[in-house]
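A.B. asks: Sharing a structure here in structure tokens format.
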Amino acid sequence: MKLYIIGAGPGDPDLITVKGLKVLKEADVILYADSLVNEDLMNKAKPSAEIIKTAGMHLEEMVDIMVDRIRSGKKVARVHTGDPAVFGAIMEQMSLLKNNGIDVEIIPGVSSVFAAAAAAQAELTIPDLTQTVILTRAEGRTPVPEYEKLADLAKHHCTIALFLSATLTKKLVKELTEAGWSKETPVAVVYKASWPDQKIVRTTLERLDEEMRANGIRKQAMILAGWALAENMHEQNYRSKLYDKTFTHGFRRGVEI
Ligand SMILES: C[S@@+](CC[C@H](N)C(=O)[O-])C[C@H]1O[C@@H](n2cnc3c(N)ncnc32)[C@H](O)[C@@H]1O
């Protein structure tokens with residue numbers, strides 16, 4: 001007995017994985033967060049499938065339905081936005097399901113962080129500039145653990161991807177500035193990455209809050225901050241070792257010059 005947890009991807013229905021789509025098509029029951037997952041994906045379900053919207057449900061209500069349908073022999077899929085492993089709140093579902101003797105199979109998805117990077121045509125890890133990406137969120141009503149304050153994380157001066165932070169930009173700018181980030185640091189905000197109404201706002205740390213307000217962005221936004229987001233990055237001369245002709249590695253011998 002198991003529940004399938006599927007990553008739906010960031011919005012564009014073509015960005016679900018082949019495996020995720022296969023399970024979605026076979027499922028007898030599909031539960032999905034209608035506030036975030038693209039409803040068009042539900043057109044791929046078989047006509048007899050029971051489709052349940054979960055945006056208005058609490059955890060126990062949702063899990064009770066899953067347990068009931070799985071016990072009656074149905075194939076049940078729970079569809080999450082992006083990749084379920086990032087801010088997906090799947091562990092609490094898994095925990096209640098396991099108490100009921102039900103296992104899970106997780107099928108990953110394209111996280112909004114990568115859809116946003118694609119939209120901004122960015123490489124988040126530029127050789128010699130930054131080799132680290134921190135996935136986090138600004139602290140709002142939900143606290144973050146003591147050692148994960150943005151001002152501390154930002155001391156690494158790497159790329160930072162901020163989920164769930166569209167209404168917290170004032171605070172975010174303050175913390176990054178406290179960590180020594182320059183006011184000119186590039187920031188790319190991608191609203192509804194991969195949706196037809198996707199919007200990309202390129203700005204600087206100093207202007208971020210103002211631009212968010214001017215563009216009316218208050219939700220469904222990925223904020224990518226750091227020098228890897230510089231708009232003219234392709235004109236700069238950063239080169240990887242992987243494709244450096246003088247560099248020898250497991251698949252290629254470097255040439256001497
Ligand atoms: C509850 S989290 C879920 C994240 C999801 N598991 C993922 O991997 O993208 C919701 C947050 O993800 C980000 N998000 C989700 N979909 C997005 C999209 N299409 N474009 C931009 N940001 C998105 C926003 O920051 C939003 O507040």
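To be explicit about the labels: the chains of the structure tokens are called A, B, and onward in the order shown, and within each one the residues are counted from 1, while ligands get numbers from 1 in the order they are shown.
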Please extract the residues at most 6 Å from ligand 1, counting only C-alpha atoms and all ligand atoms, and provide them as a count of residues only, using the chain letters and residue numbers of this document.

C.D. replies: 23

A.B. asks: Which neighbours of Glu148 of chain A fall inside 10 Å, counting only C-alpha atoms, when residues of the same chain fewer than 3 positions from it are skipped, and could you give them as a list in words?

C.D. replies: Thr136, Arg137, Ala138, Glu139, Pro143, Val144, Pro145, Ala151, Asp152, Leu153 and Ala154 of chain A

A.B. asks: If you count only C-alpha atoms, which residues fall within 8 Å of Glu231 of chain A, apart from same-chain ones fewer than 3 positions away, as an NGL selection string?

C.D. replies: :A and (186 or 202 or 234)

A.B. asks: Could you turn the residues from that selection into a file that holds C-alpha atoms, as a PDB file, in the first residue's frame?

C.D. replies:
```pdb
ATOM      1  CA  PRO A 186      22.065  42.058  -8.871  1.00  0.00           C
ATOM      2  CA  ARG A 202      15.875  42.574 -12.904  1.00  0.00           C
ATOM      3  CA  HIS A 234      27.771  36.294 -20.550  1.00  0.00           C
TER       4      HIS A 234
END
```

A.B. asks: DSSP on the backbone: which residues in segment 11-252 of chain A end up as helix (DSSP H, G or I)? Give the answer as number ranges by chain.

C.D. replies: A: 13-15, 18-26, 39-44, 59-71, 91-99, 112-119, 146-148, 150-156, 169-178, 208-214, 227-229, 233-235

A.B. asks: Quick one: everything within 8 Å of Val104 of chain A, counting only C-alpha atoms, minus sequence neighbours fewer than 6 positions away in the same chain. Send it as number ranges by chain.

C.D. replies: A: 2-5, 94
